[in-house]
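Student: Quick one: the structure is below, questions incoming.
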Amino acid sequence: MQRDTRESTTSNNGQHNNADLNAPQNVVDAAALGSVEPVLPTTGITVTAEPPKKQRPWPDLLQLFTANPRMTIGFCIVGFFVLMALIGPFIARQSPTHFSNDLFQPPSATHWLGTTQKGEDIFAQLVYGARISLLISFVAATGATMLSIFFGLTAGYFGGVVDDVLSFLTNMFLILPGLPLSVVIASFSPIKGATTIIFVLLVTSWPWGARVLRSQTLSMRQREFVEAARTVGESPWRIIFFEIFPNEIAIVASSFVGTFVYAALTEVALEFLGLGDVTVPTWGVILFWAKAENALEIGGWWLFAPPGLCVAILCAGLTFINFGIDELANPRLRREAKPKTIRARRSAIYPIPTHS
Amino acid sequence: MRHLLRRVGFYLAALWASATINFLIPRLMPGDPVQAYLGRMEGHGSISASALQALRVEFGISDAPLWIQYFQYLGNLLHGNLGVSIPSFKPVTEILAYDLQWTLALVGVATVISFVLGTMLGVIVSWKRGSWLDTIAPPLLTFFSAVPYFWMALGLVYIFGFVLSWLPIGGGFDTLNPDLEIGWNWDYIFSVLQHAFLPALTIVVGSMAGWVLSMRNTMITTLSEDYVLMAQAKGLSEKRVMFAYAARNAILPSITGFAMSLGFVVGGALLTEIVFSYPGIGFDLFNAVLNVDYSLIEGTFLVIAIAMLAANFLADVVYTILDPRVRQERA
């Protein structure tokens with residue numbers, strides 16, 4: 001089964017005829033990226049599978065991080081916030097909920113990012129908040145991705161009535177307005193806090209991934225290696241999760257990152273509306289209190305700027321990672337693509353561009 | 001045709017499902033609107049049993065089994081009866097009908113502007129592949145699309161409302177000016193435009209990136225097509241090749257996206273409306289949540305859901321009309 005998978009990805013690369021992906025040491029990258037590209041039928045092209053190389057996961061992983069400049073930037077940004085969440089609380093010299101006597105101070109040496117109207121240190125709130133905000137988004141994105149894998153692959157593989165029912169569910173949740181639904185559920189919920197927010201994010205974010213995975217699985221189902229596994233008599237679940245799933249890792253990764261962005265933005269928004277636990281300082285809760293105490297109207301920019309900027313930079317970093325995944329998986333989007341050659345070719349054919 | 005009928009069936013089912021979710025969520029959670037109302041009235045004296053009963057009737061709460069309540073609810077919906085809002089005791093439909101105009105005008109116009117500007121920029125950026133514009137614009141726009149909408153709104157409030165005090169920071173028009181007559185006169189229109197400027201700017205800047213990037217990505221694929229090369233080889237003007245050959249074929253996904261985004265016009269600017277206290281549907285939902293106003297929450301959610309369904313249906317229809325391949329494939 002392993003061999004089949006590798007064969008199919010290698011044949012993809014052969015067809016792209018792309019130097020980067022063809023380099024033998026990149027086999028693991030390519031396998032990890034699977035086949036987002038709609039794959040052309042393999043007729044006429046004979047591909048001999050390379051002998052399985054000894055796998056060295058770490059150098060290859062490093063290569064994945066540095067393969068694409070956007071991806072590198074993205075990983076650096078996300079890494080920074082993870083570090084901030086991990087070690088930040090040791091750097092902050094105050095408890096985030098400690099009321100000091102410095103009320104509503106702009107940023108200074110003692111309070112790096114200033115204080116709130118109650119004298120809480122914003123820097124401390126920000127780094128403790130990073131922990132909670134990242135954790136909520138991560139848990140929600142992981143859960144939603146798992147749901148979408150289950151729904152997408154099951155619907156795509158079994159087809160028929162199963163597909164009809166699951167696709168209907170997926171499309172229906174896709175069409176429900178996410179943020180308003182989150183607001184409605186969170187506002188009616190008797191418990192306020194992380195659990196409710198994670199639940200709401202799960203409910204509203206799984207269908208995107210499920211739809212993409214379903215259509216990919218539909219095309220994957222026809223492939224020879226799946227056919228082979230079926231003939232050998234493998235159970236459907238084994239085929240779905242051990243044969244098909246590894247080929248969809250790139251889509252899963254990209255949908256995970258996308259869901260993470262959605263979760264981070266929505267989490268901050270819900271908390272900003274006061275639908276979270278407003279006693280626990282997170283990025284959204286800082287914004288909630290800033291708004292509740294009218295900090296903007298009296299010029300307290302330091303209450304608003306840091307948390308929003310953090311979310312924005314984090315989400316931009318995640319989006320960069322997604323661009324990187326897209327570009328690795330779809331060579332056409334890469335920088336050295338064709339329009340330049342068109343221009344070059346044009347000037348060769350038609351040397352004097354008088355119209356422009 | 002059969003395809004469209006299937007879609008109509010799907011949207012009807014989805015509509016029913018939204019209504020059902022809307023019915024179930026509040027009723028499965030503890031608490032009811034009367035208790036919430038009384039909770040807010042605390043300190044205003046006690047309430048007699050008959051008054052309590054009257055309130056329960058007014059809010060449409062009964063002790064009947066859930067399924068009977070469900071059919072009553074569906075019946076009310078079909079009659080366009082969404083209940084009464086608690087603080088004002090106005091019918092929910094009346095509130096929504098008035099506020100819908102504000103939302104449609106503000107977000108509708110902003111969405112169109114954002115789509116037109118974004119798509120144009122996408123065409124230009126992809127055409128000038130590798131230029132400084134192409135290097136700077138996509139990352140910058142990515143950052144803007146990652147910025148939380150409401151946070152950008154807060155920033156604009158701070159800069160234009162507080163630091164510069166150029167523009168008003170809340171409301172739909174100047175409510176403090178007693179001379180202002182509501183109607184088609186210049187003062188009023190000017191006031192409305194003045195108040196709409198910042199929220200509209202937020203929506204345009206926040207949503208433009210998506211249009212630019214999606215247009216850019218399809219344009220890049222289209223630009224490598226042979227007919228584009230052919231057009232250039234024929235010596236057609238750059239503008240003609242860019243718009244009539246490349247962009248025209250690349251715009252299809254964006255058009256569908258635009259039709260779908262019309263669904264977000266009603267509910268998508270929730271946070272922007274809240275930050276600017278703009279008297280639209282999103283602000284209604286926020287106030288309803290604050291006031292524990294169950295009927296208004298349900299009503300706004302239903303309106304938003306219906307808008308989404310309608311826009312998606314529109315997108316389906318547009319797609320079928322614009323792309324003959326879809327028609328044939330599914331026929």
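Going through the structure tokens in order, the chains are called A, B, and so on, while each chain numbers its residues from 1 and the ligands are numbered from 1 in the order shown.
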Set the cut-off to 6 Å and count only C-alpha atoms: what are the residues of chain B that reach chain A? Output as a list in words.
Tutor: Ala14, Phe143, Ala146, Val147, Trp151, Tyr158, Ser224 and Ser237 of chain B
Student: Could you save the residues just selected, with C-alpha atoms, as a compact mmCIF listing (two decimals), in the first residue's frame?
Tutor:
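To be explicit, this is the file written out as again_35.txt:
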```txt
# COMPACT_ATOMS: atom_id res chain seq x y z
CA ALA B 14 -32.21 24.55 4.50
CA PHE B 143 -2.48 41.61 6.41
CA ALA B 146 -6.31 39.20 8.67
CA VAL B 147 -7.06 42.32 10.70
CA TRP B 151 -10.54 46.30 15.39
CA TYR B 158 -9.80 56.58 17.33
CA SER B 224 -1.06 31.26 -19.48
CA SER B 237 -3.83 46.56 -27.51
```
Student: Would you list, as a short mmCIF file (atom, residue, chain, number, x, y, z; two decimals) with N, CA and C atoms, in the first residue's frame, the residues of region 206-303 of chain A that end up in helix (DSSP H, G or I) under DSSP run on this structure's backbone?
Tutor:
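And here is the file that came out, states_25.cif:
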```cif
data_model
loop_
_atom_site.label_atom_id
_atom_site.label_comp_id
_atom_site.auth_asym_id
_atom_site.auth_seq_id
_atom_site.Cartn_x
_atom_site.Cartn_y
_atom_site.Cartn_z
N TRP A 206 -16.62 23.48 10.74
CA TRP A 206 -16.20 22.24 10.08
C TRP A 206 -16.62 22.10 8.61
N PRO A 207 -17.75 22.67 8.15
CA PRO A 207 -18.20 22.29 6.81
C PRO A 207 -17.27 22.68 5.66
N TRP A 208 -16.51 23.78 5.79
CA TRP A 208 -15.65 24.18 4.66
C TRP A 208 -14.71 23.06 4.25
N GLY A 209 -13.97 22.57 5.25
CA GLY A 209 -13.02 21.51 4.97
C GLY A 209 -13.73 20.27 4.45
N ALA A 210 -14.87 19.95 5.04
CA ALA A 210 -15.59 18.74 4.65
C ALA A 210 -15.94 18.77 3.17
N ARG A 211 -16.36 19.95 2.68
CA ARG A 211 -16.79 20.02 1.28
C ARG A 211 -15.61 19.79 0.34
N VAL A 212 -14.47 20.43 0.66
CA VAL A 212 -13.30 20.26 -0.21
C VAL A 212 -12.81 18.82 -0.18
N LEU A 213 -12.77 18.24 1.04
CA LEU A 213 -12.27 16.87 1.16
C LEU A 213 -13.19 15.89 0.45
N ARG A 214 -14.48 16.17 0.50
CA ARG A 214 -15.41 15.27 -0.17
C ARG A 214 -15.13 15.22 -1.67
N SER A 215 -14.98 16.41 -2.29
CA SER A 215 -14.80 16.39 -3.73
C SER A 215 -13.45 15.76 -4.09
N GLN A 216 -12.45 15.96 -3.25
CA GLN A 216 -11.16 15.33 -3.52
C GLN A 216 -11.27 13.82 -3.39
N THR A 217 -12.01 13.37 -2.37
CA THR A 217 -12.16 11.93 -2.17
C THR A 217 -12.93 11.29 -3.33
N LEU A 218 -13.91 12.04 -3.84
CA LEU A 218 -14.68 11.53 -4.98
C LEU A 218 -13.75 11.18 -6.14
N SER A 219 -12.77 12.07 -6.41
CA SER A 219 -11.89 11.79 -7.53
C SER A 219 -10.86 10.73 -7.16
N MET A 220 -10.51 10.71 -5.87
CA MET A 220 -9.52 9.75 -5.40
C MET A 220 -10.05 8.32 -5.47
N GLU A 224 -6.35 3.93 -9.23
CA GLU A 224 -6.01 2.51 -9.29
C GLU A 224 -5.63 1.93 -7.93
N PHE A 225 -4.92 2.73 -7.13
CA PHE A 225 -4.47 2.14 -5.87
C PHE A 225 -5.63 1.88 -4.92
N VAL A 226 -6.69 2.67 -5.05
CA VAL A 226 -7.87 2.41 -4.23
C VAL A 226 -8.58 1.16 -4.74
N GLU A 227 -8.66 1.10 -6.06
CA GLU A 227 -9.25 -0.07 -6.71
C GLU A 227 -8.51 -1.34 -6.26
N ALA A 228 -7.18 -1.23 -6.28
CA ALA A 228 -6.35 -2.38 -5.90
C ALA A 228 -6.65 -2.81 -4.46
N ALA A 229 -6.71 -1.81 -3.57
CA ALA A 229 -6.97 -2.13 -2.16
C ALA A 229 -8.32 -2.79 -2.01
N ARG A 230 -9.30 -2.33 -2.80
CA ARG A 230 -10.64 -2.89 -2.70
C ARG A 230 -10.63 -4.35 -3.17
N THR A 231 -9.88 -4.59 -4.25
CA THR A 231 -9.81 -5.94 -4.78
C THR A 231 -9.17 -6.89 -3.78
N VAL A 232 -8.14 -6.39 -3.10
CA VAL A 232 -7.47 -7.21 -2.11
C VAL A 232 -8.41 -7.53 -0.95
N PRO A 236 -13.57 -0.92 4.15
CA PRO A 236 -13.74 0.48 3.70
C PRO A 236 -13.03 1.47 4.59
N TRP A 237 -13.10 1.27 5.91
CA TRP A 237 -12.50 2.26 6.80
C TRP A 237 -10.99 2.29 6.64
N ARG A 238 -10.42 1.10 6.42
CA ARG A 238 -8.98 1.05 6.22
C ARG A 238 -8.61 1.77 4.92
N ILE A 239 -9.41 1.55 3.90
CA ILE A 239 -9.12 2.23 2.63
C ILE A 239 -9.22 3.74 2.83
N ILE A 240 -10.28 4.17 3.53
CA ILE A 240 -10.47 5.61 3.70
C ILE A 240 -9.32 6.23 4.46
N PHE A 241 -8.96 5.64 5.58
CA PHE A 241 -8.00 6.34 6.45
C PHE A 241 -6.55 5.98 6.19
N PHE A 242 -6.28 4.83 5.57
CA PHE A 242 -4.88 4.48 5.34
C PHE A 242 -4.47 4.60 3.88
N GLU A 243 -5.44 4.53 2.97
CA GLU A 243 -5.08 4.66 1.56
C GLU A 243 -5.37 6.07 1.04
N ILE A 244 -6.57 6.54 1.26
CA ILE A 244 -6.97 7.82 0.68
C ILE A 244 -6.47 8.98 1.52
N PHE A 245 -6.68 8.89 2.82
CA PHE A 245 -6.36 10.02 3.69
C PHE A 245 -4.92 10.54 3.53
N PRO A 246 -3.90 9.66 3.51
CA PRO A 246 -2.53 10.19 3.38
C PRO A 246 -2.33 11.03 2.13
N ASN A 247 -3.13 10.80 1.11
CA ASN A 247 -2.99 11.57 -0.13
C ASN A 247 -3.66 12.93 -0.03
N GLU A 248 -4.38 13.17 1.03
CA GLU A 248 -5.09 14.43 1.15
C GLU A 248 -4.51 15.30 2.26
N ILE A 249 -3.32 14.94 2.70
CA ILE A 249 -2.71 15.68 3.82
C ILE A 249 -2.61 17.18 3.51
N ALA A 250 -2.26 17.52 2.27
CA ALA A 250 -2.07 18.94 1.94
C ALA A 250 -3.36 19.71 2.13
N ILE A 251 -4.47 19.13 1.67
CA ILE A 251 -5.76 19.81 1.82
C ILE A 251 -6.12 19.91 3.29
N VAL A 252 -5.87 18.81 4.01
CA VAL A 252 -6.19 18.82 5.44
C VAL A 252 -5.38 19.92 6.13
N ALA A 253 -4.08 19.99 5.80
CA ALA A 253 -3.23 21.00 6.44
C ALA A 253 -3.75 22.38 6.11
N SER A 254 -4.06 22.61 4.85
CA SER A 254 -4.49 23.95 4.47
C SER A 254 -5.84 24.28 5.10
N SER A 255 -6.71 23.28 5.21
CA SER A 255 -8.01 23.58 5.82
C SER A 255 -7.86 23.77 7.33
N PHE A 256 -6.89 23.07 7.93
CA PHE A 256 -6.63 23.28 9.36
C PHE A 256 -6.16 24.72 9.60
N VAL A 257 -5.22 25.17 8.77
CA VAL A 257 -4.70 26.53 8.96
C VAL A 257 -5.81 27.56 8.73
N GLY A 258 -6.63 27.33 7.69
CA GLY A 258 -7.74 28.24 7.42
C GLY A 258 -8.72 28.30 8.58
N THR A 259 -9.03 27.13 9.14
CA THR A 259 -9.95 27.08 10.26
C THR A 259 -9.36 27.78 11.48
N PHE A 260 -8.05 27.64 11.64
CA PHE A 260 -7.35 28.29 12.76
C PHE A 260 -7.55 29.81 12.66
N VAL A 261 -7.38 30.35 11.44
CA VAL A 261 -7.57 31.78 11.25
C VAL A 261 -9.00 32.18 11.60
N TYR A 262 -9.95 31.42 11.07
CA TYR A 262 -11.35 31.71 11.36
C TYR A 262 -11.61 31.67 12.86
N ALA A 263 -11.07 30.62 13.52
CA ALA A 263 -11.31 30.45 14.95
C ALA A 263 -10.71 31.61 15.74
N ALA A 264 -9.48 32.01 15.38
CA ALA A 264 -8.83 33.09 16.13
C ALA A 264 -9.62 34.38 15.99
N LEU A 265 -10.04 34.69 14.76
CA LEU A 265 -10.78 35.94 14.53
C LEU A 265 -12.14 35.90 15.23
N THR A 266 -12.84 34.77 15.11
CA THR A 266 -14.17 34.69 15.69
C THR A 266 -14.12 34.68 17.20
N GLU A 267 -13.10 34.02 17.74
CA GLU A 267 -12.97 33.96 19.20
C GLU A 267 -12.82 35.38 19.76
N VAL A 268 -11.92 36.15 19.14
CA VAL A 268 -11.72 37.53 19.60
C VAL A 268 -13.02 38.32 19.45
N ALA A 269 -13.72 38.11 18.34
CA ALA A 269 -14.95 38.86 18.11
C ALA A 269 -16.00 38.53 19.17
N LEU A 270 -16.16 37.22 19.46
CA LEU A 270 -17.18 36.82 20.44
C LEU A 270 -16.85 37.38 21.82
N GLU A 271 -15.55 37.33 22.17
CA GLU A 271 -15.17 37.85 23.48
C GLU A 271 -15.32 39.37 23.52
N PHE A 272 -15.03 40.00 22.38
CA PHE A 272 -15.21 41.45 22.32
C PHE A 272 -16.67 41.82 22.57
N TRP A 283 -7.25 38.13 24.62
CA TRP A 283 -7.17 39.24 23.70
C TRP A 283 -8.52 39.91 23.50
N GLY A 284 -9.54 39.07 23.30
CA GLY A 284 -10.86 39.63 23.07
C GLY A 284 -11.42 40.33 24.31
N VAL A 285 -11.11 39.77 25.48
CA VAL A 285 -11.64 40.34 26.71
C VAL A 285 -10.99 41.71 27.00
N ILE A 286 -9.70 41.85 26.67
CA ILE A 286 -9.05 43.16 26.82
C ILE A 286 -9.83 44.19 25.99
N LEU A 287 -10.17 43.81 24.77
CA LEU A 287 -10.91 44.72 23.89
C LEU A 287 -12.30 44.99 24.45
N PHE A 288 -12.92 43.94 25.02
CA PHE A 288 -14.25 44.11 25.60
C PHE A 288 -14.24 45.18 26.69
N TRP A 289 -13.26 45.08 27.61
CA TRP A 289 -13.20 46.05 28.71
C TRP A 289 -12.86 47.44 28.20
N ALA A 290 -11.97 47.48 27.20
CA ALA A 290 -11.61 48.78 26.65
C ALA A 290 -12.85 49.47 26.09
N LYS A 291 -13.69 48.68 25.41
CA LYS A 291 -14.91 49.27 24.85
C LYS A 291 -15.91 49.59 25.97
N ALA A 292 -16.03 48.67 26.92
CA ALA A 292 -17.01 48.86 27.99
C ALA A 292 -16.68 50.10 28.81
N LEU A 296 -11.51 54.46 24.19
CA LEU A 296 -11.18 55.19 22.96
C LEU A 296 -11.57 56.65 23.05
N GLU A 297 -12.73 56.88 23.64
CA GLU A 297 -13.23 58.26 23.69
C GLU A 297 -12.37 59.16 24.56
N ILE A 298 -11.54 58.53 25.44
CA ILE A 298 -10.64 59.36 26.22
C ILE A 298 -9.19 59.15 25.78
N TRP A 301 -5.37 54.64 23.39
CA TRP A 301 -5.08 53.77 22.24
C TRP A 301 -4.36 52.50 22.65
N TRP A 302 -3.58 52.55 23.75
CA TRP A 302 -2.79 51.37 24.13
C TRP A 302 -3.65 50.22 24.63
N LEU A 303 -4.90 50.50 24.93
CA LEU A 303 -5.79 49.41 25.33
C LEU A 303 -6.29 48.63 24.11
#
```
Student: Residues within 10 Å of Leu74 (chain B), please, as a ChimeraX atom specification. Count only C-alpha atoms; anything in the same chain fewer than 4 positions from it doesn't count.
Tutor: /B:16,19-20,23,68-70,78-81
Student: Taking 6 positions as the minimum chain separation for residues in the same chain, which residues sit within 9 Å of region 126-130 of chain A when counting only C-alpha atoms? Answer as a list in words.
Tutor: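 My list of contacting residues is Phe81, Val82, Met84, Ala85, Leu86, Ile87, Gly88, Pro89, Ile91, Ala92, Ser95, Pro96, Val280, Pro281, Thr282, Trp283, Gly284, Val285, Ile286, Pro306, Pro307 and Cys310 of chain A.
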Student: For C-alpha atoms, I'd like the residues from the last selection saved as a compact mmCIF listing (two decimals), in the first residue's frame.
Tutor:
```
# COMPACT_ATOMS: atom_id res chain seq x y z
CA PHE A 81 3.29 33.78 19.21
CA VAL A 82 3.65 30.22 20.42
CA MET A 84 5.03 34.29 23.61
CA ALA A 85 2.30 32.05 24.97
CA LEU A 86 4.81 29.60 26.43
CA ILE A 87 7.42 31.85 28.05
CA GLY A 88 5.67 35.22 28.09
CA PRO A 89 4.09 34.75 31.52
CA ILE A 91 8.69 37.62 31.53
CA ALA A 92 5.64 39.53 32.68
CA SER A 95 -0.27 39.02 37.48
CA PRO A 96 -2.68 39.99 34.69
CA VAL A 280 -10.37 35.93 32.37
CA PRO A 281 -8.06 38.24 30.42
CA THR A 282 -7.71 37.14 26.80
CA TRP A 283 -7.17 39.24 23.70
CA GLY A 284 -10.86 39.63 23.07
CA VAL A 285 -11.64 40.34 26.71
CA ILE A 286 -9.05 43.16 26.82
CA PRO A 306 -1.89 45.54 21.15
CA PRO A 307 -4.51 42.76 21.19
CA CYS A 310 -1.53 40.47 17.75
```
Student: Give the answer as one residue: which of B:Val157, B:Met219, B:Tyr319, B:Gly257 has the shortest atom-to-atom distance to Tyr245 (chain B), using only C-alpha atoms?
Tutor: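 Residue with the minimum atom-to-atom distance to Tyr245 (chain B): B:Met219.
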Student: So that I can check the surroundings of Phe264 (chain B), please list as a list in words every protein, DNA and RNA residue that reaches within 8 Å of it, counting only C-alpha atoms and ignoring chain neighbours fewer than 2 positions away.
Tutor: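 Listed by chain and then number, they are Pro177 of chain A; Met260, Ser261, Leu262, Val266, Gly267, Gly268, Ala269, Ile304, Ala307 and Met308 of chain B.
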Student: Any idea what's packed within 12 Å of Thr110 (chain A), counting only C-alpha atoms, ignoring anything in its chain fewer than 2 positions away? Could you give it as a list in words?
Tutor: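 The filter keeps Ala92, Arg93, Gln94, Ser100, Asp102, Gln105, Pro106, Pro107, Ser108, Trp112, Leu113, Gly114, Thr115, Asp121, Ile122, Phe123 and Ala124 of chain A.
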Student: Could the residues in this selection be saved with N, CA and C atoms as a PDB file, in the first residue's frame?
Tutor:
```
ATOM      1  N   ALA A  92       6.523  38.536  32.086  1.00  0.00           N
ATOM      2  CA  ALA A  92       5.636  39.531  32.675  1.00  0.00           C
ATOM      3  C   ALA A  92       5.860  39.554  34.178  1.00  0.00           C
ATOM      4  N   ARG A  93       6.020  40.762  34.725  1.00  0.00           N
ATOM      5  CA  ARG A  93       6.377  40.846  36.140  1.00  0.00           C
ATOM      6  C   ARG A  93       5.156  40.949  37.042  1.00  0.00           C
ATOM      7  N   GLN A  94       3.971  41.006  36.420  1.00  0.00           N
ATOM      8  CA  GLN A  94       2.765  41.173  37.232  1.00  0.00           C
ATOM      9  C   GLN A  94       1.754  40.104  36.900  1.00  0.00           C
ATOM     10  N   SER A 100      -2.973  47.459  40.169  1.00  0.00           N
ATOM     11  CA  SER A 100      -1.921  48.293  40.743  1.00  0.00           C
ATOM     12  C   SER A 100      -2.457  49.711  40.922  1.00  0.00           C
ATOM     13  N   ASP A 102      -1.162  52.309  39.438  1.00  0.00           N
ATOM     14  CA  ASP A 102      -0.984  53.092  38.219  1.00  0.00           C
ATOM     15  C   ASP A 102      -2.220  52.923  37.354  1.00  0.00           C
ATOM     16  N   GLN A 105      -2.292  54.270  32.639  1.00  0.00           N
ATOM     17  CA  GLN A 105      -1.005  54.845  32.244  1.00  0.00           C
ATOM     18  C   GLN A 105      -0.674  54.460  30.807  1.00  0.00           C
ATOM     19  N   PRO A 106      -0.148  55.389  30.018  1.00  0.00           N
ATOM     20  CA  PRO A 106       0.367  55.002  28.698  1.00  0.00           C
ATOM     21  C   PRO A 106       1.622  54.141  28.864  1.00  0.00           C
ATOM     22  N   PRO A 107       2.079  53.480  27.790  1.00  0.00           N
ATOM     23  CA  PRO A 107       3.246  52.610  27.891  1.00  0.00           C
ATOM     24  C   PRO A 107       4.452  53.321  28.499  1.00  0.00           C
ATOM     25  N   SER A 108       5.173  52.630  29.370  1.00  0.00           N
ATOM     26  CA  SER A 108       6.342  53.203  30.026  1.00  0.00           C
ATOM     27  C   SER A 108       7.300  52.063  30.355  1.00  0.00           C
ATOM     28  N   TRP A 112       5.144  48.081  30.155  1.00  0.00           N
ATOM     29  CA  TRP A 112       5.596  48.162  28.767  1.00  0.00           C
ATOM     30  C   TRP A 112       4.490  48.559  27.810  1.00  0.00           C
ATOM     31  N   LEU A 113       3.287  48.109  28.108  1.00  0.00           N
ATOM     32  CA  LEU A 113       2.191  48.444  27.201  1.00  0.00           C
ATOM     33  C   LEU A 113       1.114  49.247  27.922  1.00  0.00           C
ATOM     34  N   GLY A 114       1.476  49.845  29.038  1.00  0.00           N
ATOM     35  CA  GLY A 114       0.502  50.666  29.746  1.00  0.00           C
ATOM     36  C   GLY A 114      -0.401  49.865  30.654  1.00  0.00           C
ATOM     37  N   THR A 115      -1.344  50.566  31.266  1.00  0.00           N
ATOM     38  CA  THR A 115      -2.265  49.906  32.188  1.00  0.00           C
ATOM     39  C   THR A 115      -3.709  50.260  31.844  1.00  0.00           C
ATOM     40  N   ASP A 121      -1.886  45.476  34.250  1.00  0.00           N
ATOM     41  CA  ASP A 121      -0.806  45.623  33.290  1.00  0.00           C
ATOM     42  C   ASP A 121      -1.214  44.974  31.960  1.00  0.00           C
ATOM     43  N   ILE A 122      -1.192  45.762  30.872  1.00  0.00           N
ATOM     44  CA  ILE A 122      -1.662  45.229  29.595  1.00  0.00           C
ATOM     45  C   ILE A 122      -0.719  44.164  29.055  1.00  0.00           C
ATOM     46  N   PHE A 123       0.598  44.384  29.249  1.00  0.00           N
ATOM     47  CA  PHE A 123       1.544  43.393  28.730  1.00  0.00           C
ATOM     48  C   PHE A 123       1.284  42.030  29.350  1.00  0.00           C
ATOM     49  N   ALA A 124       1.090  42.013  30.672  1.00  0.00           N
ATOM     50  CA  ALA A 124       0.808  40.743  31.346  1.00  0.00           C
ATOM     51  C   ALA A 124      -0.476  40.118  30.804  1.00  0.00           C
TER      52      ALA A 124
END
```
Student: By how many Å are CA of Val200 (chain A) and CA of Ile25 (chain B) apart?
Tutor: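 The value is 12.2 Å.
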Student: So how far away is CA of Trp186 (chain B) from CA of Leu198 (chain B), in Å?
Tutor: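 Value for the CA of Leu198 (chain B)-CA of Trp186 (chain B) distance: 19.5 Å.
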Student: Do a neighbour search on Leu213 (chain B) at 10 Å with only C-alpha atoms, toss out local chain neighbours closer than 5 positions, and write the hits as a list in words.
Tutor: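 Non-adjacent residues within range: Gly118, Thr119, Leu121, Gly122, Val123, Val125, Ser126, Ala137, Pro138, Pro139, Leu141, Thr142, Met208, Thr218 and Met219 of chain B.
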